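Accompanying notes for the structure given below.
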Amino acid sequence: MSRGSRSAGWTVIAAVLIWSAVATEVSLGRVIEGLPFMWDFLRRMFPPDPSVLGNALRGAVQTIQIAVVGTAVAAVLALPMGFAAARNAAPGWLFYGARSVLNVFRAVDTLVYALFFVAAVGLGPFPGVLAVVVYTATVLAKLYSEAIEAIEPGPVEAVRATGATPLQVLRWGVLPQLVPQFLSFTLYRFETNIRAAAVLGFVGAGGIGFYIQTYLRLLNYPAAATVLLVLVGLVMIVDFASSRLRARLV
(Lines give C-alpha, C1' and ligand atoms only; values in the text may rest on other atoms or scores of the structure.)
Protein backbone atom coordinates (compact mmCIF):
# COMPACT_ATOMS: atom_id res chain seq x y z
CA MET A 1 0.00 0.00 0.00
CA SER A 2 1.39 3.39 -1.01
CA ARG A 3 1.93 6.29 1.37
CA GLY A 4 -0.84 8.22 -0.39
CA SER A 5 -3.33 5.38 0.11
CA ARG A 6 -2.45 5.12 3.80
CA SER A 7 -2.86 8.86 4.25
CA ALA A 8 -6.23 8.77 2.52
CA GLY A 9 -7.32 5.89 4.73
CA TRP A 10 -6.35 7.70 7.94
CA THR A 11 -8.08 10.85 6.68
CA VAL A 12 -11.32 8.92 6.11
CA ILE A 13 -11.09 7.33 9.57
CA ALA A 14 -10.50 10.72 11.20
CA ALA A 15 -13.40 12.26 9.27
CA VAL A 16 -15.77 9.46 10.33
CA LEU A 17 -14.64 9.81 13.96
CA ILE A 18 -15.21 13.58 13.96
CA TRP A 19 -18.56 13.20 12.20
CA SER A 20 -19.69 10.60 14.75
CA ALA A 21 -18.51 12.71 17.71
CA VAL A 22 -20.42 15.75 16.45
CA ALA A 23 -23.57 13.71 15.73
CA THR A 24 -23.52 12.16 19.22
CA GLU A 25 -23.00 15.58 20.87
CA VAL A 26 -19.75 14.58 22.58
CA SER A 27 -18.81 17.38 24.97
CA LEU A 28 -16.01 17.41 27.53
CA GLY A 29 -17.51 20.55 29.03
CA ARG A 30 -20.76 18.78 29.84
CA VAL A 31 -18.81 15.99 31.54
CA ILE A 32 -16.94 18.52 33.68
CA GLU A 33 -20.21 20.26 34.57
CA GLY A 34 -21.70 16.94 35.58
CA LEU A 35 -18.86 15.93 37.91
CA PRO A 36 -20.51 17.43 41.03
CA PHE A 37 -23.70 15.50 40.32
CA MET A 38 -21.73 12.28 39.81
CA TRP A 39 -19.93 12.85 43.08
CA ASP A 40 -23.23 13.53 44.87
CA PHE A 41 -24.69 10.29 43.48
CA LEU A 42 -21.70 8.27 44.68
CA ARG A 43 -21.63 10.05 48.05
CA ARG A 44 -25.19 8.96 48.74
CA MET A 45 -24.20 5.32 48.30
CA PHE A 46 -21.77 5.30 51.22
CA PRO A 47 -21.62 3.70 53.59
CA PRO A 48 -23.32 0.63 52.05
CA ASP A 49 -26.24 -0.90 53.93
CA PRO A 50 -25.26 -4.42 55.14
CA SER A 51 -28.85 -5.25 56.11
CA VAL A 52 -29.70 -6.06 52.46
CA LEU A 53 -26.73 -8.39 52.00
CA GLY A 54 -29.03 -11.41 52.13
CA ASN A 55 -31.14 -10.11 49.24
CA ALA A 56 -27.99 -9.25 47.29
CA LEU A 57 -26.60 -12.77 47.71
CA ARG A 58 -29.93 -14.35 46.73
CA GLY A 59 -29.95 -12.20 43.61
CA ALA A 60 -26.35 -13.17 42.84
CA VAL A 61 -27.15 -16.87 43.16
CA GLN A 62 -30.18 -16.47 40.90
CA THR A 63 -28.04 -14.62 38.36
CA ILE A 64 -25.58 -17.53 38.32
CA GLN A 65 -28.46 -20.00 37.93
CA ILE A 66 -29.88 -18.07 34.97
CA ALA A 67 -26.46 -18.01 33.31
CA VAL A 68 -25.77 -21.71 34.00
CA VAL A 69 -29.08 -23.00 32.63
CA GLY A 70 -29.17 -20.54 29.74
CA THR A 71 -25.59 -21.25 28.65
CA ALA A 72 -25.94 -25.04 28.96
CA VAL A 73 -29.13 -25.21 26.90
CA ALA A 74 -27.75 -22.75 24.36
CA ALA A 75 -24.55 -24.79 23.93
CA VAL A 76 -26.57 -27.90 23.09
CA LEU A 77 -28.80 -26.03 20.62
CA ALA A 78 -25.78 -24.34 19.03
CA LEU A 79 -24.07 -27.59 18.03
CA PRO A 80 -26.33 -28.55 15.10
CA MET A 81 -26.70 -24.90 14.11
CA GLY A 82 -22.91 -24.53 14.09
CA PHE A 83 -22.45 -27.42 11.68
CA ALA A 84 -25.32 -26.13 9.51
CA ALA A 85 -23.65 -22.70 9.33
CA ALA A 86 -20.18 -24.06 8.47
CA ARG A 87 -19.25 -23.73 4.81
CA ASN A 88 -17.22 -26.94 4.80
CA ALA A 89 -19.83 -29.03 6.61
CA ALA A 90 -23.15 -28.10 5.02
CA PRO A 91 -24.53 -27.80 1.47
CA GLY A 92 -24.82 -24.30 0.06
CA TRP A 93 -28.57 -23.89 0.56
CA LEU A 94 -28.31 -24.91 4.21
CA PHE A 95 -25.20 -22.84 4.85
CA TYR A 96 -26.66 -19.58 3.53
CA GLY A 97 -30.01 -20.22 5.20
CA ALA A 98 -28.42 -20.96 8.58
CA ARG A 99 -26.09 -17.96 8.40
CA SER A 100 -29.03 -15.68 7.55
CA VAL A 101 -31.07 -16.96 10.48
CA LEU A 102 -28.14 -16.54 12.88
CA ASN A 103 -27.53 -12.99 11.69
CA VAL A 104 -31.18 -12.08 12.23
CA PHE A 105 -31.35 -13.43 15.77
CA ARG A 106 -27.91 -12.08 16.78
CA ALA A 107 -28.99 -8.60 15.74
CA VAL A 108 -31.40 -8.49 18.72
CA ASP A 109 -29.90 -7.90 22.17
CA THR A 110 -30.52 -10.13 25.21
CA LEU A 111 -32.42 -7.32 26.95
CA VAL A 112 -34.91 -7.10 24.07
CA TYR A 113 -35.46 -10.86 24.22
CA ALA A 114 -36.03 -10.52 27.97
CA LEU A 115 -38.74 -7.91 27.38
CA PHE A 116 -40.37 -10.20 24.84
CA PHE A 117 -40.36 -13.24 27.11
CA VAL A 118 -41.50 -11.26 30.17
CA ALA A 119 -44.55 -10.25 28.14
CA ALA A 120 -45.02 -13.87 27.03
CA VAL A 121 -44.47 -15.90 30.23
CA GLY A 122 -44.56 -13.31 33.01
CA LEU A 123 -42.05 -11.96 35.52
CA GLY A 124 -39.29 -13.96 37.19
CA PRO A 125 -36.07 -15.74 36.27
CA PHE A 126 -37.65 -18.01 33.61
CA PRO A 127 -37.92 -15.28 30.92
CA GLY A 128 -34.32 -14.40 31.76
CA VAL A 129 -33.28 -17.98 31.04
CA LEU A 130 -35.16 -17.95 27.73
CA ALA A 131 -33.55 -14.66 26.72
CA VAL A 132 -30.07 -15.98 27.49
CA VAL A 133 -30.78 -19.23 25.61
CA VAL A 134 -31.95 -17.55 22.40
CA TYR A 135 -29.16 -15.00 22.15
CA THR A 136 -26.35 -17.26 23.37
CA ALA A 137 -27.34 -20.12 21.07
CA THR A 138 -26.97 -17.91 18.01
CA VAL A 139 -23.67 -16.42 19.17
CA LEU A 140 -22.20 -19.83 20.01
CA ALA A 141 -23.43 -21.28 16.72
CA LYS A 142 -21.54 -18.54 14.86
CA LEU A 143 -18.37 -19.21 16.88
CA TYR A 144 -18.74 -22.99 16.47
CA SER A 145 -19.18 -22.63 12.71
CA GLU A 146 -16.00 -20.57 12.40
CA ALA A 147 -14.09 -23.18 14.42
CA ILE A 148 -15.43 -25.94 12.16
CA GLU A 149 -14.37 -24.04 9.05
CA ALA A 150 -10.86 -23.60 10.49
CA ILE A 151 -10.12 -27.26 11.28
CA GLU A 152 -6.88 -28.67 9.91
CA PRO A 153 -7.58 -31.14 7.08
CA GLY A 154 -4.40 -33.15 7.78
CA PRO A 155 -5.63 -35.14 10.80
CA VAL A 156 -8.96 -35.77 9.08
CA GLU A 157 -7.28 -37.12 5.95
CA ALA A 158 -4.91 -39.26 8.03
CA VAL A 159 -7.79 -40.93 9.88
CA ARG A 160 -9.74 -41.37 6.64
CA ALA A 161 -6.69 -42.98 4.99
CA THR A 162 -6.78 -45.78 7.56
CA GLY A 163 -10.17 -46.85 6.24
CA ALA A 164 -12.11 -45.36 9.14
CA THR A 165 -15.86 -44.93 8.95
CA PRO A 166 -17.36 -41.41 8.81
CA LEU A 167 -18.22 -41.72 12.51
CA GLN A 168 -14.65 -42.67 13.35
CA VAL A 169 -13.33 -39.79 11.24
CA LEU A 170 -15.55 -37.46 13.23
CA ARG A 171 -14.47 -39.01 16.54
CA TRP A 172 -10.70 -39.10 15.94
CA GLY A 173 -10.06 -36.49 13.24
CA VAL A 174 -12.59 -33.71 13.85
CA LEU A 175 -13.69 -33.66 17.49
CA PRO A 176 -10.19 -33.50 19.04
CA GLN A 177 -9.71 -30.23 17.16
CA LEU A 178 -13.12 -28.81 18.00
CA VAL A 179 -13.91 -29.82 21.58
CA PRO A 180 -11.31 -27.58 23.29
CA GLN A 181 -12.44 -24.59 21.25
CA PHE A 182 -16.12 -25.33 21.81
CA LEU A 183 -15.57 -25.55 25.58
CA SER A 184 -13.52 -22.35 25.57
CA PHE A 185 -16.22 -20.48 23.65
CA THR A 186 -18.92 -21.82 25.98
CA LEU A 187 -17.03 -20.77 29.10
CA TYR A 188 -16.49 -17.31 27.65
CA ARG A 189 -20.20 -16.96 26.90
CA PHE A 190 -21.03 -18.12 30.42
CA GLU A 191 -18.77 -15.38 31.72
CA THR A 192 -20.52 -12.74 29.60
CA ASN A 193 -23.94 -14.18 30.42
CA ILE A 194 -23.30 -13.46 34.10
CA ARG A 195 -23.09 -9.78 33.18
CA ALA A 196 -26.10 -10.03 30.87
CA ALA A 197 -28.21 -11.83 33.48
CA ALA A 198 -27.26 -9.18 36.04
CA VAL A 199 -29.17 -6.50 34.11
CA LEU A 200 -32.16 -8.60 33.04
CA GLY A 201 -33.78 -7.84 36.38
CA PHE A 202 -34.26 -4.25 35.21
CA VAL A 203 -37.03 -5.52 32.92
CA GLY A 204 -38.45 -8.03 35.41
CA ALA A 205 -36.47 -11.10 34.33
CA GLY A 206 -34.98 -11.95 37.74
CA GLY A 207 -31.42 -11.92 38.97
CA ILE A 208 -29.46 -9.39 40.97
CA GLY A 209 -30.53 -6.59 38.64
CA PHE A 210 -34.01 -6.75 40.17
CA TYR A 211 -32.63 -5.62 43.52
CA ILE A 212 -30.47 -2.89 41.98
CA GLN A 213 -33.48 -1.50 40.14
CA THR A 214 -35.73 -1.75 43.21
CA TYR A 215 -33.38 0.06 45.57
CA LEU A 216 -32.56 2.78 43.05
CA ARG A 217 -36.25 3.42 42.42
CA LEU A 218 -36.77 3.72 46.17
CA LEU A 219 -33.79 6.12 46.31
CA ASN A 220 -32.19 3.72 48.80
CA TYR A 221 -28.65 4.34 47.57
CA PRO A 222 -26.78 2.59 50.43
CA ALA A 223 -28.75 -0.61 49.74
CA ALA A 224 -28.06 -0.29 46.01
CA ALA A 225 -24.36 0.13 46.81
CA THR A 226 -24.35 -3.16 48.72
CA VAL A 227 -25.93 -5.00 45.80
CA LEU A 228 -23.50 -3.41 43.35
CA LEU A 229 -20.52 -4.47 45.47
CA VAL A 230 -21.84 -8.04 45.51
CA LEU A 231 -22.24 -7.88 41.73
CA VAL A 232 -18.65 -6.63 41.29
CA GLY A 233 -17.38 -9.45 43.49
CA LEU A 234 -19.44 -12.01 41.55
CA VAL A 235 -18.12 -10.81 38.18
CA MET A 236 -14.52 -10.82 39.42
CA ILE A 237 -14.79 -14.37 40.78
CA VAL A 238 -16.44 -15.71 37.62
CA ASP A 239 -13.95 -13.91 35.37
CA PHE A 240 -11.01 -15.35 37.29
CA ALA A 241 -12.38 -18.90 37.34
CA SER A 242 -13.42 -18.80 33.68
CA SER A 243 -10.05 -17.42 32.55
CA ARG A 244 -8.18 -20.15 34.41
CA LEU A 245 -10.37 -22.87 32.91
CA ARG A 246 -10.09 -21.48 29.39
CA ALA A 247 -6.31 -21.23 29.72
CA ARG A 248 -6.15 -24.95 30.52
CA LEU A 249 -8.22 -25.79 27.45
CA VAL A 250 -6.09 -23.88 24.95
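Labeling convention for the C-alpha coordinates: chains A, B, ... as they appear, residues from 1 per chain, ligands from 1 in order of appearance.
Within 8 Å of Ser242 of chain A, once only C-alpha atoms are used and residues closer than 6 positions along the same chain are dropped, the contacting residues are Leu187, Tyr188 and Glu191 of chain A.
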Would you output that residue set with C-alpha atoms, as a PDB file, in the first residue's frame?
```
ATOM      1  CA  LEU A 187     -17.025 -20.766  29.099  1.00  0.00           C
ATOM      2  CA  TYR A 188     -16.489 -17.306  27.650  1.00  0.00           C
ATOM      3  CA  GLU A 191     -18.767 -15.381  31.724  1.00  0.00           C
TER       4      GLU A 191
END
```
Residues at most 10 Å from segment 120-125 of chain A, counting only C-alpha atoms, excluding those fewer than 4 positions away in the same chain, as an mmCIF file with N, CA and C atoms, in the first residue's frame?
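Listed below is the output, result-v1.cif:
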```
data_model
loop_
_atom_site.group_PDB
_atom_site.id
_atom_site.type_symbol
_atom_site.label_atom_id
_atom_site.label_comp_id
_atom_site.auth_asym_id
_atom_site.auth_seq_id
_atom_site.Cartn_x
_atom_site.Cartn_y
_atom_site.Cartn_z
ATOM 1 N N GLN A 62 -29.212 -16.328 41.986
ATOM 2 C CA GLN A 62 -30.179 -16.473 40.900
ATOM 3 C C GLN A 62 -29.577 -16.057 39.565
ATOM 4 N N THR A 63 -28.723 -15.037 39.583
ATOM 5 C CA THR A 63 -28.037 -14.621 38.357
ATOM 6 C C THR A 63 -27.151 -15.746 37.822
ATOM 7 N N GLN A 65 -27.572 -18.933 38.395
ATOM 8 C CA GLN A 65 -28.459 -19.999 37.930
ATOM 9 C C GLN A 65 -29.006 -19.703 36.540
ATOM 10 N N ILE A 66 -29.400 -18.459 36.299
ATOM 11 C CA ILE A 66 -29.884 -18.073 34.968
ATOM 12 C C ILE A 66 -28.796 -18.293 33.925
ATOM 13 N N ALA A 114 -35.463 -10.449 26.626
ATOM 14 C CA ALA A 114 -36.027 -10.518 27.973
ATOM 15 C C ALA A 114 -37.370 -9.799 28.038
ATOM 16 N N LEU A 115 -37.466 -8.631 27.429
ATOM 17 C CA LEU A 115 -38.740 -7.906 27.383
ATOM 18 C C LEU A 115 -39.809 -8.739 26.683
ATOM 19 N N PHE A 116 -39.426 -9.368 25.598
ATOM 20 C CA PHE A 116 -40.369 -10.203 24.837
ATOM 21 C C PHE A 116 -40.873 -11.375 25.673
ATOM 22 N N VAL A 129 -33.908 -16.780 31.595
ATOM 23 C CA VAL A 129 -33.276 -17.976 31.042
ATOM 24 C C VAL A 129 -33.547 -18.072 29.541
ATOM 25 N N LEU A 130 -34.805 -17.862 29.151
ATOM 26 C CA LEU A 130 -35.163 -17.950 27.731
ATOM 27 C C LEU A 130 -34.407 -16.911 26.903
ATOM 28 N N ALA A 131 -34.275 -15.707 27.438
ATOM 29 C CA ALA A 131 -33.549 -14.659 26.717
ATOM 30 C C ALA A 131 -32.090 -15.042 26.524
ATOM 31 N N ALA A 197 -27.142 -11.448 32.553
ATOM 32 C CA ALA A 197 -28.208 -11.826 33.478
ATOM 33 C C ALA A 197 -28.331 -10.834 34.622
ATOM 34 N N LEU A 200 -30.838 -8.185 33.494
ATOM 35 C CA LEU A 200 -32.158 -8.602 33.045
ATOM 36 C C LEU A 200 -33.233 -8.273 34.076
ATOM 37 N N GLY A 201 -32.827 -8.184 35.345
ATOM 38 C CA GLY A 201 -33.781 -7.838 36.383
ATOM 39 C C GLY A 201 -34.383 -6.455 36.207
ATOM 40 N N VAL A 203 -35.788 -5.382 33.686
ATOM 41 C CA VAL A 203 -37.034 -5.516 32.923
ATOM 42 C C VAL A 203 -37.908 -6.631 33.502
ATOM 43 N N GLY A 204 -37.608 -7.053 34.731
ATOM 44 C CA GLY A 204 -38.452 -8.029 35.406
ATOM 45 C C GLY A 204 -38.102 -9.471 35.160
ATOM 46 N N ALA A 205 -36.854 -9.733 34.668
ATOM 47 C CA ALA A 205 -36.471 -11.099 34.331
ATOM 48 C C ALA A 205 -35.559 -11.724 35.386
ATOM 49 N N GLY A 206 -35.696 -11.316 36.644
ATOM 50 C CA GLY A 206 -34.979 -11.955 37.743
ATOM 51 C C GLY A 206 -33.520 -11.560 37.827
ATOM 52 N N GLY A 207 -32.833 -12.175 38.792
ATOM 53 C CA GLY A 207 -31.419 -11.917 38.970
ATOM 54 C C GLY A 207 -31.144 -10.737 39.878
ATOM 55 N N PHE A 210 -32.713 -7.098 39.581
ATOM 56 C CA PHE A 210 -34.012 -6.746 40.166
ATOM 57 C C PHE A 210 -33.829 -5.926 41.436
#
```
Sorted per-residue table, segment 197-250 of chain A near segment 37-58 of chain A, closest atoms and distance, 12 Å, only C-alpha atoms, as JSON lines:
```
{"residue": "A:Ala198", "atom": "CA", "partner": "A:Ala56", "partner_atom": "CA", "distance": 11.3}
{"residue": "A:Gly206", "atom": "CA", "partner": "A:Arg58", "partner_atom": "CA", "distance": 10.6}
{"residue": "A:Gly207", "atom": "CA", "partner": "A:Arg58", "partner_atom": "CA", "distance": 8.3}
{"residue": "A:Ile208", "atom": "CA", "partner": "A:Ala56", "partner_atom": "CA", "distance": 6.5}
{"residue": "A:Gly209", "atom": "CA", "partner": "A:Ala56", "partner_atom": "CA", "distance": 9.4}
{"residue": "A:Phe210", "atom": "CA", "partner": "A:Ala56", "partner_atom": "CA", "distance": 9.7}
{"residue": "A:Tyr211", "atom": "CA", "partner": "A:Ala56", "partner_atom": "CA", "distance": 7.0}
{"residue": "A:Ile212", "atom": "CA", "partner": "A:Ala56", "partner_atom": "CA", "distance": 8.6}
{"residue": "A:Gln213", "atom": "CA", "partner": "A:Ala56", "partner_atom": "CA", "distance": 11.9}
{"residue": "A:Thr214", "atom": "CA", "partner": "A:Asn55", "partner_atom": "CA", "distance": 11.3}
{"residue": "A:Tyr215", "atom": "CA", "partner": "A:Val52", "partner_atom": "CA", "distance": 9.9}
{"residue": "A:Leu216", "atom": "CA", "partner": "A:Met45", "partner_atom": "CA", "distance": 10.2}
{"residue": "A:Leu219", "atom": "CA", "partner": "A:Arg44", "partner_atom": "CA", "distance": 9.4}
{"residue": "A:Asn220", "atom": "CA", "partner": "A:Met45", "partner_atom": "CA", "distance": 8.2}
{"residue": "A:Tyr221", "atom": "CA", "partner": "A:Met45", "partner_atom": "CA", "distance": 4.6}
{"residue": "A:Pro222", "atom": "CA", "partner": "A:Pro48", "partner_atom": "CA", "distance": 4.3}
{"residue": "A:Ala223", "atom": "CA", "partner": "A:Asp49", "partner_atom": "CA", "distance": 4.9}
{"residue": "A:Ala224", "atom": "CA", "partner": "A:Met45", "partner_atom": "CA", "distance": 7.2}
{"residue": "A:Ala225", "atom": "CA", "partner": "A:Pro48", "partner_atom": "CA", "distance": 5.4}
{"residue": "A:Thr226", "atom": "CA", "partner": "A:Pro48", "partner_atom": "CA", "distance": 5.1}
{"residue": "A:Val227", "atom": "CA", "partner": "A:Ala56", "partner_atom": "CA", "distance": 5.0}
{"residue": "A:Leu228", "atom": "CA", "partner": "A:Ala56", "partner_atom": "CA", "distance": 8.4}
{"residue": "A:Leu229", "atom": "CA", "partner": "A:Pro48", "partner_atom": "CA", "distance": 8.8}
{"residue": "A:Val230", "atom": "CA", "partner": "A:Ala56", "partner_atom": "CA", "distance": 6.5}
{"residue": "A:Leu231", "atom": "CA", "partner": "A:Ala56", "partner_atom": "CA", "distance": 8.1}
{"residue": "A:Val232", "atom": "CA", "partner": "A:Ala56", "partner_atom": "CA", "distance": 11.4}
{"residue": "A:Gly233", "atom": "CA", "partner": "A:Leu57", "partner_atom": "CA", "distance": 10.7}
{"residue": "A:Leu234", "atom": "CA", "partner": "A:Leu57", "partner_atom": "CA", "distance": 9.5}
```
Go ahead and save the residues from that selection, with N, CA and C atoms, as a PDB file, in the first residue's frame.
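Done, and the output landed in part30.pdb:
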```pdb
ATOM      1  N   ALA A 198     -27.233 -10.134  34.934  1.00  0.00           N
ATOM      2  CA  ALA A 198     -27.258  -9.175  36.037  1.00  0.00           C
ATOM      3  C   ALA A 198     -28.148  -7.980  35.735  1.00  0.00           C
ATOM      4  N   GLY A 206     -35.696 -11.316  36.644  1.00  0.00           N
ATOM      5  CA  GLY A 206     -34.979 -11.955  37.743  1.00  0.00           C
ATOM      6  C   GLY A 206     -33.520 -11.560  37.827  1.00  0.00           C
ATOM      7  N   GLY A 207     -32.833 -12.175  38.792  1.00  0.00           N
ATOM      8  CA  GLY A 207     -31.419 -11.917  38.970  1.00  0.00           C
ATOM      9  C   GLY A 207     -31.144 -10.737  39.878  1.00  0.00           C
ATOM     10  N   ILE A 208     -29.881 -10.448  40.044  1.00  0.00           N
ATOM     11  CA  ILE A 208     -29.460  -9.393  40.969  1.00  0.00           C
ATOM     12  C   ILE A 208     -29.873  -8.008  40.477  1.00  0.00           C
ATOM     13  N   GLY A 209     -30.087  -7.870  39.171  1.00  0.00           N
ATOM     14  CA  GLY A 209     -30.526  -6.588  38.641  1.00  0.00           C
ATOM     15  C   GLY A 209     -31.861  -6.133  39.191  1.00  0.00           C
ATOM     16  N   PHE A 210     -32.713  -7.098  39.581  1.00  0.00           N
ATOM     17  CA  PHE A 210     -34.012  -6.746  40.166  1.00  0.00           C
ATOM     18  C   PHE A 210     -33.829  -5.926  41.436  1.00  0.00           C
ATOM     19  N   TYR A 211     -32.870  -6.334  42.263  1.00  0.00           N
ATOM     20  CA  TYR A 211     -32.632  -5.622  43.520  1.00  0.00           C
ATOM     21  C   TYR A 211     -31.979  -4.263  43.278  1.00  0.00           C
ATOM     22  N   ILE A 212     -31.084  -4.183  42.300  1.00  0.00           N
ATOM     23  CA  ILE A 212     -30.471  -2.894  41.984  1.00  0.00           C
ATOM     24  C   ILE A 212     -31.544  -1.899  41.542  1.00  0.00           C
ATOM     25  N   GLN A 213     -32.415  -2.367  40.641  1.00  0.00           N
ATOM     26  CA  GLN A 213     -33.480  -1.496  40.140  1.00  0.00           C
ATOM     27  C   GLN A 213     -34.425  -1.083  41.271  1.00  0.00           C
ATOM     28  N   THR A 214     -34.791  -2.040  42.124  1.00  0.00           N
ATOM     29  CA  THR A 214     -35.730  -1.755  43.208  1.00  0.00           C
ATOM     30  C   THR A 214     -35.182  -0.702  44.160  1.00  0.00           C
ATOM     31  N   TYR A 215     -33.943  -0.869  44.597  1.00  0.00           N
ATOM     32  CA  TYR A 215     -33.377   0.064  45.569  1.00  0.00           C
ATOM     33  C   TYR A 215     -33.128   1.439  44.956  1.00  0.00           C
ATOM     34  N   LEU A 216     -32.757   1.487  43.689  1.00  0.00           N
ATOM     35  CA  LEU A 216     -32.561   2.782  43.046  1.00  0.00           C
ATOM     36  C   LEU A 216     -33.887   3.515  42.878  1.00  0.00           C
ATOM     37  N   LEU A 219     -34.814   5.153  45.903  1.00  0.00           N
ATOM     38  CA  LEU A 219     -33.787   6.116  46.307  1.00  0.00           C
ATOM     39  C   LEU A 219     -33.018   5.627  47.532  1.00  0.00           C
ATOM     40  N   ASN A 220     -32.940   4.317  47.695  1.00  0.00           N
ATOM     41  CA  ASN A 220     -32.187   3.719  48.800  1.00  0.00           C
ATOM     42  C   ASN A 220     -30.776   3.425  48.283  1.00  0.00           C
ATOM     43  N   TYR A 221     -29.972   4.460  48.182  1.00  0.00           N
ATOM     44  CA  TYR A 221     -28.654   4.343  47.571  1.00  0.00           C
ATOM     45  C   TYR A 221     -27.691   3.458  48.369  1.00  0.00           C
ATOM     46  N   PRO A 222     -27.682   3.500  49.696  1.00  0.00           N
ATOM     47  CA  PRO A 222     -26.783   2.590  50.431  1.00  0.00           C
ATOM     48  C   PRO A 222     -27.092   1.113  50.161  1.00  0.00           C
ATOM     49  N   ALA A 223     -28.381   0.770  50.052  1.00  0.00           N
ATOM     50  CA  ALA A 223     -28.749  -0.610  49.737  1.00  0.00           C
ATOM     51  C   ALA A 223     -28.301  -0.974  48.322  1.00  0.00           C
ATOM     52  N   ALA A 224     -28.501  -0.045  47.381  1.00  0.00           N
ATOM     53  CA  ALA A 224     -28.059  -0.292  46.010  1.00  0.00           C
ATOM     54  C   ALA A 224     -26.552  -0.479  45.950  1.00  0.00           C
ATOM     55  N   ALA A 225     -25.807   0.268  46.779  1.00  0.00           N
ATOM     56  CA  ALA A 225     -24.359   0.128  46.806  1.00  0.00           C
ATOM     57  C   ALA A 225     -23.948  -1.266  47.258  1.00  0.00           C
ATOM     58  N   THR A 226     -24.652  -1.801  48.250  1.00  0.00           N
ATOM     59  CA  THR A 226     -24.346  -3.157  48.724  1.00  0.00           C
ATOM     60  C   THR A 226     -24.539  -4.172  47.610  1.00  0.00           C
ATOM     61  N   VAL A 227     -25.655  -4.055  46.894  1.00  0.00           N
ATOM     62  CA  VAL A 227     -25.934  -4.995  45.803  1.00  0.00           C
ATOM     63  C   VAL A 227     -24.893  -4.852  44.692  1.00  0.00           C
ATOM     64  N   LEU A 228     -24.512  -3.625  44.383  1.00  0.00           N
ATOM     65  CA  LEU A 228     -23.499  -3.409  43.349  1.00  0.00           C
ATOM     66  C   LEU A 228     -22.154  -3.997  43.737  1.00  0.00           C
ATOM     67  N   LEU A 229     -21.783  -3.884  45.008  1.00  0.00           N
ATOM     68  CA  LEU A 229     -20.523  -4.466  45.467  1.00  0.00           C
ATOM     69  C   LEU A 229     -20.560  -5.991  45.347  1.00  0.00           C
ATOM     70  N   VAL A 230     -21.696  -6.592  45.670  1.00  0.00           N
ATOM     71  CA  VAL A 230     -21.838  -8.040  45.505  1.00  0.00           C
ATOM     72  C   VAL A 230     -21.721  -8.412  44.035  1.00  0.00           C
ATOM     73  N   LEU A 231     -22.325  -7.616  43.166  1.00  0.00           N
ATOM     74  CA  LEU A 231     -22.241  -7.875  41.729  1.00  0.00           C
ATOM     75  C   LEU A 231     -20.799  -7.789  41.236  1.00  0.00           C
ATOM     76  N   VAL A 232     -20.069  -6.772  41.686  1.00  0.00           N
ATOM     77  CA  VAL A 232     -18.654  -6.629  41.292  1.00  0.00           C
ATOM     78  C   VAL A 232     -17.852  -7.842  41.747  1.00  0.00           C
ATOM     79  N   GLY A 233     -18.079  -8.268  42.991  1.00  0.00           N
ATOM     80  CA  GLY A 233     -17.379  -9.447  43.487  1.00  0.00           C
ATOM     81  C   GLY A 233     -17.727 -10.694  42.696  1.00  0.00           C
ATOM     82  N   LEU A 234     -19.006 -10.848  42.342  1.00  0.00           N
ATOM     83  CA  LEU A 234     -19.436 -12.006  41.548  1.00  0.00           C
ATOM     84  C   LEU A 234     -18.757 -12.021  40.196  1.00  0.00           C
TER      85      LEU A 234
END
```
Hey, what's within 9 Å of segment 94-103 of chain A if we count only C-alpha atoms and toss same-chain stuff fewer than 2 positions away? As a ChimeraX atom specification, please? /A:81-92,105-107,137-139,141-142
